$ cat final.txt   # compact mmCIF, C-alpha atoms
# COMPACT_ATOMS: atom_id res chain seq x y z
CA MET A 1 206.34 84.41 110.88
CA ARG A 2 207.22 81.48 113.13
CA ALA A 3 203.88 79.97 112.14
CA GLY A 4 204.88 80.15 108.47
CA LEU A 5 202.36 82.88 107.57
CA THR A 6 203.12 85.85 105.34
CA PHE A 7 203.60 89.24 107.00
CA ARG A 8 204.17 92.86 105.96
CA ASN A 9 205.34 95.72 108.18
CA TYR A 10 204.55 99.37 107.53
CA GLY A 11 206.43 101.68 109.89
CA TYR A 12 206.81 99.61 113.05
CA HIS A 13 210.14 99.06 114.84
CA CYS A 14 212.14 101.45 112.67
CA ASP A 15 215.16 103.61 113.50
CA GLN A 16 213.71 107.11 113.60
CA ALA A 17 217.07 108.76 114.30
CA GLU A 18 217.67 108.68 110.54
CA TYR A 19 215.02 111.38 110.12
CA PHE A 20 217.04 113.83 112.21
CA ALA A 21 220.56 112.82 111.24
CA THR A 22 222.96 115.01 109.25
CA PRO A 23 221.86 115.07 106.53
CA PRO A 24 218.31 113.93 107.43
CA THR A 25 216.24 111.49 105.43
CA PRO A 26 214.38 113.78 102.99
CA LEU A 27 210.65 114.42 103.36
CA LEU A 28 209.51 112.99 100.03
CA LEU A 29 205.81 112.64 99.28
CA ASN A 30 206.52 109.71 96.96
CA PRO A 31 209.90 108.20 97.88
CA ARG A 32 209.12 105.07 95.86
CA ALA A 33 209.18 107.10 92.65
CA GLN A 34 212.69 108.31 93.49
CA HIS A 35 213.87 104.96 94.92
CA VAL A 36 214.76 106.57 98.27
CA ARG A 37 214.51 104.37 101.35
CA VAL A 38 212.71 106.09 104.23
CA ALA A 39 212.15 103.12 106.58
CA PHE A 40 215.06 101.59 108.48
CA PRO A 41 214.05 98.47 110.45
CA SER A 42 215.66 98.18 113.87
CA ARG A 43 215.19 94.41 113.98
CA THR A 44 216.92 92.08 111.55
CA THR A 45 213.84 89.85 111.30
CA LEU A 46 211.93 92.79 109.77
CA ILE A 47 214.42 93.78 107.08
CA ASN A 48 212.80 91.73 104.33
CA THR A 49 209.21 92.28 105.46
CA THR A 50 209.23 96.06 105.92
CA ASP A 51 208.09 98.45 103.19
CA PRO A 52 211.20 100.64 102.65
CA TYR A 53 209.11 103.50 101.29
CA PHE A 54 206.68 103.80 104.22
CA ARG A 55 207.93 106.53 106.56
CA SER A 56 207.83 105.63 110.26
CA PHE A 57 207.10 107.98 113.18
CA ASP A 58 207.69 111.56 112.10
CA ASN A 59 205.26 114.37 112.90
CA ASN A 60 206.65 116.38 109.99
CA PHE A 61 205.05 113.98 107.52
CA PRO A 62 201.29 113.60 106.84
CA ASP A 63 199.58 110.24 107.30
CA PHE A 64 197.80 110.96 104.01
CA TYR A 65 200.96 110.01 102.10
CA ARG A 66 201.73 107.03 104.32
CA GLU A 67 198.33 105.62 103.38
CA LYS A 68 199.06 106.33 99.70
CA GLU A 69 202.19 104.18 99.92
CA TRP A 70 200.25 101.40 101.63
CA GLU A 71 197.61 101.66 98.86
CA PHE A 72 200.26 101.12 96.21
CA GLU A 73 201.37 97.84 97.72
CA PHE A 74 197.81 96.77 98.47
CA GLU A 75 196.85 97.21 94.82
CA GLN A 76 199.81 95.04 93.82
CA HIS A 77 198.66 92.33 96.24
CA VAL A 78 195.15 92.52 94.78
CA LYS A 79 196.50 92.05 91.23
CA LYS A 80 198.65 89.09 92.27
CA GLY A 81 196.19 87.63 94.78
CA ASN A 82 198.85 87.44 97.48
CA LEU A 83 197.77 89.76 100.31
CA PRO A 84 199.85 88.90 103.42
CA ALA A 85 198.06 87.06 106.20
CA LEU A 86 198.93 89.91 108.57
CA SER A 87 199.86 93.52 107.88
CA MET A 88 200.80 96.04 110.56
CA VAL A 89 200.24 99.62 109.39
CA ARG A 90 201.44 102.51 111.52
CA LEU A 91 199.45 105.70 110.91
CA MET A 92 200.83 107.86 113.69
CA HIS A 93 199.43 111.37 113.44
CA ASP A 94 197.06 110.95 116.37
CA HIS A 95 200.30 111.97 118.09
CA MET A 96 200.74 115.69 117.49
CA GLY A 97 203.80 117.91 117.26
CA SER A 98 206.59 119.41 115.13
CA PHE A 99 204.16 122.21 114.31
CA GLY A 100 206.84 124.59 113.04
CA THR A 101 208.38 122.14 110.56
CA ALA A 102 205.48 119.91 109.45
CA ILE A 103 204.92 119.94 105.70
CA GLU A 104 201.87 120.34 103.44
CA GLY A 105 200.15 122.65 105.92
CA VAL A 106 199.33 119.77 108.30
CA ASN A 107 200.72 121.72 111.23
CA THR A 108 198.05 122.32 113.87
CA PRO A 109 196.33 119.95 116.33
CA GLU A 110 193.12 120.11 114.30
CA THR A 111 194.74 119.31 110.95
CA GLN A 112 197.05 116.60 112.31
CA GLN A 113 194.20 114.77 114.05
CA ALA A 114 192.04 115.12 110.93
CA ASP A 115 194.92 113.85 108.78
CA ASN A 116 195.17 110.72 110.92
CA ASP A 117 191.41 110.15 110.83
CA TYR A 118 191.22 110.52 107.06
CA ALA A 119 194.19 108.22 106.39
CA VAL A 120 192.66 105.48 108.56
CA ALA A 121 189.32 105.95 106.83
CA LYS A 122 190.91 105.77 103.36
CA LEU A 123 192.61 102.49 104.27
CA ILE A 124 189.29 101.04 105.42
CA GLU A 125 187.48 102.24 102.31
CA LYS A 126 190.18 100.73 100.08
CA VAL A 127 189.75 97.31 101.67
CA SER A 128 185.95 97.59 101.62
CA LYS A 129 185.94 98.03 97.83
CA SER A 130 188.43 95.25 97.13
CA PRO A 131 188.10 91.49 96.56
CA TYR A 132 189.48 91.04 100.08
CA ALA A 133 186.55 92.79 101.74
CA SER A 134 184.85 89.52 102.65
CA SER A 135 187.95 87.98 104.23
CA THR A 136 189.82 90.85 105.89
CA LEU A 137 189.41 92.06 109.46
CA ILE A 138 190.82 95.48 110.32
CA CYS A 139 191.77 96.01 113.98
CA ILE A 140 192.53 99.61 114.96
CA LEU A 141 194.11 100.68 118.23
CA GLU A 142 194.73 104.33 119.05
CA ASP A 143 197.92 104.76 121.01
CA ASP A 144 197.75 105.69 124.70
CA SER A 145 195.36 108.58 125.13
CA GLN A 146 197.72 110.57 127.41
CA ASN A 147 194.80 112.63 128.63
CA GLY A 148 194.51 111.69 132.29
CA ALA A 149 191.84 109.74 134.07
CA ASP A 150 188.19 109.87 133.11
CA HIS A 151 185.12 108.68 135.01
CA VAL A 152 186.00 105.02 134.42
CA ASP A 153 189.75 104.51 134.22
CA SER A 154 193.07 106.26 133.71
CA HIS A 155 194.17 104.19 130.70
CA ARG A 156 191.20 104.19 128.34
CA SER A 157 191.50 104.79 124.64
CA THR A 158 189.38 104.09 121.60
CA ALA A 159 189.52 100.88 119.59
CA TYR A 160 187.75 99.83 116.40
CA ILE A 161 187.17 96.58 114.55
CA VAL A 162 186.04 96.81 110.94
CA GLY A 163 185.11 94.16 108.40
CA PRO A 164 182.83 91.20 107.77
CA TYR A 165 180.93 89.53 110.60
CA VAL A 166 181.22 92.61 112.81
CA LYS A 167 178.09 94.01 114.46
CA HIS A 168 176.51 96.94 112.63
CA GLY A 169 175.57 100.11 114.46
CA ALA A 170 176.93 98.83 117.78
CA VAL A 171 178.97 100.45 120.53
CA VAL A 172 180.43 97.61 122.59
CA SER A 173 181.10 98.53 126.21
CA THR A 174 182.75 95.29 127.27
CA ALA A 175 186.00 95.98 129.12
CA TYR A 176 188.70 94.94 126.64
CA THR A 177 192.44 95.51 126.64
CA THR A 178 195.15 95.40 123.99
CA GLN A 179 195.70 91.77 124.95
CA ASN A 180 192.09 90.98 124.04
CA MET A 181 192.64 92.42 120.58
CA LEU A 182 195.88 90.47 120.12
CA ARG A 183 194.08 87.30 121.23
CA THR A 184 191.37 88.04 118.65
CA ILE A 185 194.01 88.35 115.91
CA GLU A 186 195.57 85.08 117.03
CA GLU A 187 192.21 83.33 116.78
CA VAL A 188 191.50 84.74 113.32
CA LEU A 189 194.91 83.65 112.03
CA GLY A 190 194.77 80.30 113.80
CA ILE A 191 198.17 80.72 115.43
CA ASP A 192 199.53 80.00 118.89
CA HIS A 193 199.60 82.62 121.64
CA VAL A 194 202.31 85.28 121.62
CA ASP A 195 202.81 84.93 125.37
CA VAL A 196 201.03 84.14 128.62
CA LEU A 197 199.22 87.49 128.50
CA THR A 198 197.24 86.71 125.34
CA ALA A 199 196.80 83.10 126.48
CA SER A 200 195.03 84.33 129.60
CA GLU A 201 192.63 86.71 127.81
CA LYS A 202 189.50 86.05 125.79
CA PRO A 203 188.92 87.10 122.17
CA MET A 204 186.56 90.03 121.58
CA THR A 205 183.52 87.89 120.85
CA ASP A 206 181.02 90.60 121.82
CA VAL A 207 182.05 92.51 118.70
CA PHE A 208 181.04 89.89 116.17
CA ASP A 209 177.81 88.77 114.49
CA ILE A 210 178.03 85.81 112.08
CA ASN A 211 174.96 87.11 110.23
CA GLN A 212 176.67 90.36 109.18
CA GLY A 213 178.80 89.21 106.27
CA GLN A 214 178.34 92.32 104.12
CA TRP A 215 179.81 95.71 104.94
CA SER A 216 180.75 98.98 103.30
CA PHE A 217 182.64 102.14 104.19
CA ARG A 218 183.00 105.65 102.80
CA ALA A 219 185.81 108.00 103.83
CA ALA A 220 185.17 111.76 104.00
CA PRO A 221 187.87 114.29 104.90
CA SER A 222 187.39 116.76 107.71
CA ASP A 223 186.71 120.28 106.50
CA TYR A 224 189.79 121.40 108.42
CA LEU A 225 191.98 119.57 105.91
CA TYR A 226 190.90 121.98 103.17
CA ASN A 227 193.23 124.51 104.80
CA THR A 228 196.17 122.25 103.90
CA GLN A 229 197.92 121.39 100.64
CA LEU A 230 196.72 117.78 100.65
CA PRO A 231 195.06 116.70 97.36
CA LEU A 232 191.52 116.19 98.61
CA PRO A 233 188.28 115.45 96.74
CA PRO A 234 186.22 118.52 95.78
CA ARG A 235 183.88 119.88 98.43
CA SER A 236 180.15 119.94 97.88
CA ALA A 237 178.73 123.13 96.41
CA LYS A 238 176.44 123.29 99.43
CA ALA A 239 179.28 123.01 101.92
CA GLY A 240 179.67 125.90 104.30
CA PRO A 241 182.80 127.95 105.02
CA ILE A 242 186.00 126.04 105.64
CA PRO A 243 186.72 126.17 109.39
CA LYS A 244 190.10 127.47 110.44
CA SER A 245 192.33 126.03 113.13
CA THR A 246 192.07 127.84 116.43
CA HIS A 247 195.67 129.05 116.04
CA ASP A 248 198.32 128.90 113.35
CA ALA A 249 201.47 126.78 113.28
CA LYS A 250 203.63 129.56 114.74
CA TYR A 251 201.43 129.78 117.83
CA TRP A 252 201.68 126.03 118.47
CA ALA A 253 205.40 125.88 117.66
CA ASP A 254 206.14 128.69 120.13
CA ARG A 255 204.17 127.10 122.95
CA THR A 256 205.49 123.58 122.42
CA LYS A 257 209.13 124.39 121.63
CA GLU A 258 210.36 122.73 124.86
CA PHE A 259 208.99 119.31 123.86
CA ASP A 260 210.84 116.61 121.93
CA PHE A 261 208.70 115.33 119.06
CA THR A 262 211.43 113.29 117.37
CA ARG A 263 210.04 110.06 118.82
CA GLU A 264 206.78 108.95 120.32
CA ASP A 265 205.89 109.34 124.01
CA ASN A 266 208.93 111.48 124.77
CA LEU A 267 207.23 114.63 126.04
CA LYS A 268 208.71 114.31 129.56
CA ASP A 269 205.76 116.32 130.92
CA PRO A 270 202.58 115.13 129.14
CA ASP A 271 200.33 116.92 131.66
CA LYS A 272 201.87 120.26 130.67
CA PHE A 273 201.51 119.41 126.99
CA ASN A 274 197.85 118.48 127.52
CA ARG A 275 197.22 121.78 129.27
CA ILE A 276 198.85 123.73 126.42
CA ILE A 277 196.68 121.92 123.88
CA TRP A 278 193.53 122.38 125.97
CA GLU A 279 194.09 126.08 126.55
CA GLY A 280 195.00 126.68 122.90
CA LEU A 281 191.85 124.97 121.62
CA HIS A 282 189.52 126.49 124.21
CA VAL A 283 190.87 130.01 124.70
CA PRO A 284 191.46 131.80 121.39
CA ILE A 285 193.90 134.67 121.91
CA SER A 286 193.30 138.11 120.46
CA THR A 287 196.32 139.58 118.69
CA SER A 288 194.71 142.56 117.01
CA SER A 289 192.23 143.98 119.52
CA GLY A 290 194.63 145.82 121.77
CA CYS A 291 194.53 143.17 124.50
CA PRO A 292 197.03 140.47 123.47
CA GLY A 293 197.11 137.35 125.57
CA ARG A 294 193.48 137.64 126.64
CA PRO A 295 190.64 135.32 125.65
CA LEU A 296 188.19 136.54 123.05
CA ALA A 297 184.84 137.93 124.13
CA GLY A 298 181.41 136.55 123.34
CA TRP A 299 181.49 133.61 125.73
CA SER A 300 178.80 132.58 128.18
CA ALA A 301 179.14 132.71 131.96
CA SER A 302 180.05 129.01 131.88
CA ASP A 303 182.77 129.72 129.32
CA LYS A 304 184.19 132.47 131.51
CA ARG A 305 184.23 130.24 134.58
CA ASP A 306 186.18 127.63 132.65
CA THR A 307 188.51 130.27 131.23
CA LYS A 308 189.22 131.70 134.66
CA ARG A 309 189.81 128.26 136.12
CA TRP A 310 192.29 127.21 133.44
CA CYS A 311 194.05 130.48 132.62
CA GLY A 312 194.06 132.19 136.02
CA LEU A 313 192.38 135.41 134.89
CA ARG A 314 192.09 137.92 137.75
CA SER A 315 188.48 138.81 136.97
CA PHE A 316 185.81 138.48 134.33
CA HIS A 317 186.51 142.09 133.41
CA ASP A 318 189.69 140.86 131.71
CA LEU A 319 187.40 139.54 128.99
CA ALA A 320 186.05 143.01 128.18
CA GLY A 321 187.12 144.85 125.07
CA CYS A 322 188.34 141.83 123.11
CA ARG A 323 186.80 140.84 119.81
CA ARG A 324 184.47 137.85 119.46
CA ALA A 325 185.81 134.46 118.47
CA ASP A 326 185.29 133.57 114.82
CA SER A 327 183.15 130.59 115.70
CA GLY A 328 181.24 132.30 118.53
CA PRO A 329 179.99 130.54 121.64
CA LEU A 330 178.72 127.00 121.33
CA SER A 331 175.01 126.32 121.57
CA ALA A 332 173.32 124.05 124.08
CA ASN A 333 173.03 121.38 121.39
CA ASP A 334 176.76 121.22 120.64
CA ASP A 335 177.48 118.54 123.25
CA GLU A 336 174.67 116.36 121.89
CA LEU A 337 175.93 116.80 118.34
CA ALA A 338 179.54 116.16 119.32
CA ASN A 339 178.62 113.03 121.21
CA SER A 340 176.74 111.72 118.18
CA SER A 341 180.03 111.61 116.25
CA ALA A 342 181.21 108.76 118.45
CA VAL A 343 178.10 106.83 117.52
CA ARG A 344 178.44 107.60 113.81
CA SER A 345 182.03 106.42 113.89
CA SER A 346 180.83 102.96 114.87
CA GLN A 347 177.86 102.63 112.51
CA ARG A 348 177.49 99.52 110.39
CA GLN A 349 180.76 97.76 110.88
CA SER A 350 183.12 99.33 113.38
CA PHE A 351 183.60 98.67 117.06
CA SER A 352 184.24 101.48 119.47
CA ALA A 353 184.83 101.52 123.17
CA PRO A 354 182.90 104.40 124.78
CA CYS A 355 184.84 107.61 124.39
CA GLY A 356 186.64 108.68 127.54
CA ARG A 357 185.85 112.12 128.91
CA SER A 358 188.69 114.32 130.04
CA ARG A 359 189.09 115.00 133.71
CA GLY A 360 187.62 118.28 134.94
CA LEU A 361 185.83 119.27 131.72
CA SER A 362 182.28 120.53 131.59
CA ALA A 363 179.75 119.36 129.01
CA ARG A 364 180.63 122.35 126.84
CA ASP A 365 184.34 121.58 127.17
CA ARG A 366 183.84 118.05 125.95
CA ALA A 367 181.90 119.35 122.96
CA VAL A 368 184.74 121.67 122.01
CA GLU A 369 187.27 118.90 122.58
CA ARG A 370 185.47 116.55 120.24
CA ARG A 371 184.72 119.31 117.77
CA SER A 372 188.43 120.14 117.62
CA ASN A 373 189.21 116.56 116.60
CA HIS A 374 186.48 116.95 113.98
CA ARG A 375 186.26 113.26 113.12
CA ARG A 376 184.53 112.91 109.78
CA ALA A 377 185.67 109.45 108.69
CA TRP A 378 182.22 107.92 108.92
CA PRO A 379 180.83 104.89 107.14
CA ASP A 380 177.75 104.97 104.98
CA ALA A 381 174.51 105.34 106.87
CA PRO A 382 172.70 102.05 107.46
$ encode --input "final.txt" --output "C-alpha cells"
Amino acid sequence: MRAGLTFRNYGYHCDQAEYFATPPTPLLLNPRAQHVRVAFPSRTTLINTTDPYFRSFDNNFPDFYREKEWEFEFEQHVKKGNLPALSMVRLMHDHMGSFGTAIEGVNTPETQQADNDYAVAKLIEKVSKSPYASSTLICILEDDSQNGADHVDSHRSTAYIVGPYVKHGAVVSTAYTTQNMLRTIEEVLGIDHVDVLTASEKPMTDVFDINQGQWSFRAAPSDYLYNTQLPLPPRSAKAGPIPKSTHDAKYWADRTKEFDFTREDNLKDPDKFNRIIWEGLHVPISTSSGCPGRPLAGWSASDKRDTKRWCGLRSFHDLAGCRRADSGPLSANDDELANSSAVRSSQRQSFSAPCGRSRGLSARDRAVERRSNHRRAWPDAP
C-alpha cells in the first residue's frame, strides 16, 4: 500500500475473539446475503481493505464457503477489470480442530484437510478460467507443518506456485524459505523490499520458465468430502464406494478436548496432538467386537510392530478377536501410489518442495499418512 498499489485482505490479521464472544459471531454460510460482518481487522490500516464477509481463523467453519466469498468478489473484479495488484487469501483448514462443533459435517481430520485442499484448488481453477489467467501468479504457503523433524530439516513444509511462466511437471528441490517467496512477490509487483530479510534473499527463479505462458487447472474434491453436507459436483457413475473417516467427530472431540482451537498454533503440546492424530488415523478402534480400545485385526506383521510401538500393546495377542478394519491392510504398492500424489499435485503449473516424511514412520505409515490427507486437487494431465 505504501507503494500505491491496490490490495485486498481476506482473513488475515483479524480479531478472532469475536467468534467466541457472548453472543458469538454467527456461523453463516453466506453472511454477505444477510449483511452480517464476520471479519474484524485488528489493524487500522486493514479496515478499508479487508473483506468483511470473509471469516478468519475458525475451525468450525469450512474453507469451502470462504472460497465462495472470495469468488464473489473476484467475479466483481473481473466484470469491472479492477483486480487488486495483491490479494492475501487465508484458507486455514490445514489446521485441524473443533471437531465437536464444526458445521456441515467437516469435522474429522480427513474431511478438514480435504476441505482445505478443495478450496485452494477451486481458487486456482477460478483464476485459470478467467481473463486474469495470463497475468496472475498464485503463491501458496502451507502454515508450519508441526510434525517434527524429517530426514532433511525440522521446519519443512510444502509450497506451491501456480500460473503463467511456471515450469510444468516439475518438482523443484531448491532450498527456499518464506523469505524467498516474499522476495519473489516483491519482484513480480516491482516494489521495494519489506525488510532486510527479503533484501538478502533471492527470488525463486528455479520455478519459472518463460516459455510456459499457457496453463490450466481442474479442481476435483476428495471422495471423503461426500460424507459432508458441502454442495459438491456429482460423482462419476463409475466411482467406487465413498470412503469413511477413520473415526467420527465424537471420537476426535473426546481425544482432543484438552486443546484450545480458538486460535492458530495454540495447542501448548503439539507433539501430543500429533500423536493423537497419528494413532487415530493408523489404529482404528473396535467398539462393537467385544474388545473396545484395541486395534482392529487384519494387519500385517509390520502393522502390528508399528501398533505395538505407538500404542504400547502388551503382546500381539491383544490383536486377536477384533474385527477387520473396513479398508483392510494396505498393499505393497500403496506407498508408491501415495507418493505419486505429490508428483501429480505439481503437474503442469505448480511448484512443490519435496514432501517431508514424518519422523519414525515406516514406508507403510507414510502411505497411510498421505492417504489420510487424500489430496485430490490435481491439475489436468499434461
$ residues_around --input "final.txt" --residues "range 129-142 of chain A" --least-positions-apart "5" --cutoff "7 Å" --atoms "only C-alpha atoms" --output "VMD selection string"
chain A and resid 157 to 164
$ residues_around --input "final.txt" --residues "Ala249 in chain A" --least-positions-apart "6" --cutoff "9 Å" --atoms "only C-alpha atoms" --output "PyMOL selection string"
chain A and resi 99-102+105-108
$ closest_residue --input "final.txt" --among "A:Arg255, A:Lys250, A:His155, A:His13" --to "Met88 in chain A" --atoms "only C-alpha atoms"
A:His13
$ residues_around --input "final.txt" --residues "Phe61 in chain A" --least-positions-apart "5" --cutoff "10 Å" --atoms "only C-alpha atoms" --output "number ranges by chain"
A: 27-29, 55-56, 66, 92-93, 98, 101-104, 106-107, 112
$ residues_near_point --input "final.txt" --point "(209.7, 109.9, 95.7)" --cutoff "12 Å" --atoms "all atoms listed in the file" --output "mmCIF file with C-alpha atoms, in the coordinates of the input"
data_model
loop_
_atom_site.group_PDB
_atom_site.id
_atom_site.type_symbol
_atom_site.label_atom_id
_atom_site.label_comp_id
_atom_site.auth_asym_id
_atom_site.auth_seq_id
_atom_site.Cartn_x
_atom_site.Cartn_y
_atom_site.Cartn_z
ATOM 1 C CA THR A 25 216.240 111.490 105.430
ATOM 2 C CA PRO A 26 214.380 113.780 102.990
ATOM 3 C CA LEU A 27 210.650 114.420 103.360
ATOM 4 C CA LEU A 28 209.510 112.990 100.030
ATOM 5 C CA LEU A 29 205.810 112.640 99.280
ATOM 6 C CA ASN A 30 206.520 109.710 96.960
ATOM 7 C CA PRO A 31 209.900 108.200 97.880
ATOM 8 C CA ARG A 32 209.120 105.070 95.860
ATOM 9 C CA ALA A 33 209.180 107.100 92.650
ATOM 10 C CA GLN A 34 212.690 108.310 93.490
ATOM 11 C CA HIS A 35 213.870 104.960 94.920
ATOM 12 C CA VAL A 36 214.760 106.570 98.270
ATOM 13 C CA ARG A 37 214.510 104.370 101.350
ATOM 14 C CA VAL A 38 212.710 106.090 104.230
ATOM 15 C CA PRO A 52 211.200 100.640 102.650
ATOM 16 C CA TYR A 53 209.110 103.500 101.290
ATOM 17 C CA PHE A 54 206.680 103.800 104.220
ATOM 18 C CA ARG A 55 207.930 106.530 106.560
ATOM 19 C CA TYR A 65 200.960 110.010 102.100
ATOM 20 C CA LYS A 68 199.060 106.330 99.700
ATOM 21 C CA GLU A 69 202.190 104.180 99.920
#
$ closest_residue --input "final.txt" --among "A:Lys257, A:Arg2, A:His282, A:His77" --to "Ser245 in chain A" --atoms "only C-alpha atoms"
A:His282
$ axis_aligned_box --input "final.txt" --around "range 169-182 of chain A" --padding-each-side "5 Å" --output "lines of an AutoDock Vina configuration file"
center_x = 185.7
center_y = 95.5
center_z = 121.8
size_x = 30.3
size_y = 20.0
size_z = 24.7
$ atom_distance --input "final.txt" --atom1 "CA of Ala121 in chain A" --atom2 "CA of Leu230 in chain A"
15.3 Å
$ atom_distance --input "final.txt" --atom1 "CA of His193 in chain A" --atom2 "CA of Gly213 in chain A"
26.7 Å
$ residues_near_point --input "final.txt" --point "(193.5, 90.5, 114.9)" --cutoff "9 Å" --atoms "only C-alpha atoms" --output "compact mmCIF listing (two decimals) with C-alpha atoms, keeping the file's coordinate frame"
# COMPACT_ATOMS: atom_id res chain seq x y z
CA LEU A 86 198.93 89.91 108.57
CA LEU A 137 189.41 92.06 109.46
CA ILE A 138 190.82 95.48 110.32
CA CYS A 139 191.77 96.01 113.98
CA ILE A 161 187.17 96.58 114.55
CA MET A 181 192.64 92.42 120.58
CA LEU A 182 195.88 90.47 120.12
CA ARG A 183 194.08 87.30 121.23
CA THR A 184 191.37 88.04 118.65
CA ILE A 185 194.01 88.35 115.91
CA GLU A 186 195.57 85.08 117.03
CA GLU A 187 192.21 83.33 116.78
CA VAL A 188 191.50 84.74 113.32
CA LEU A 189 194.91 83.65 112.03
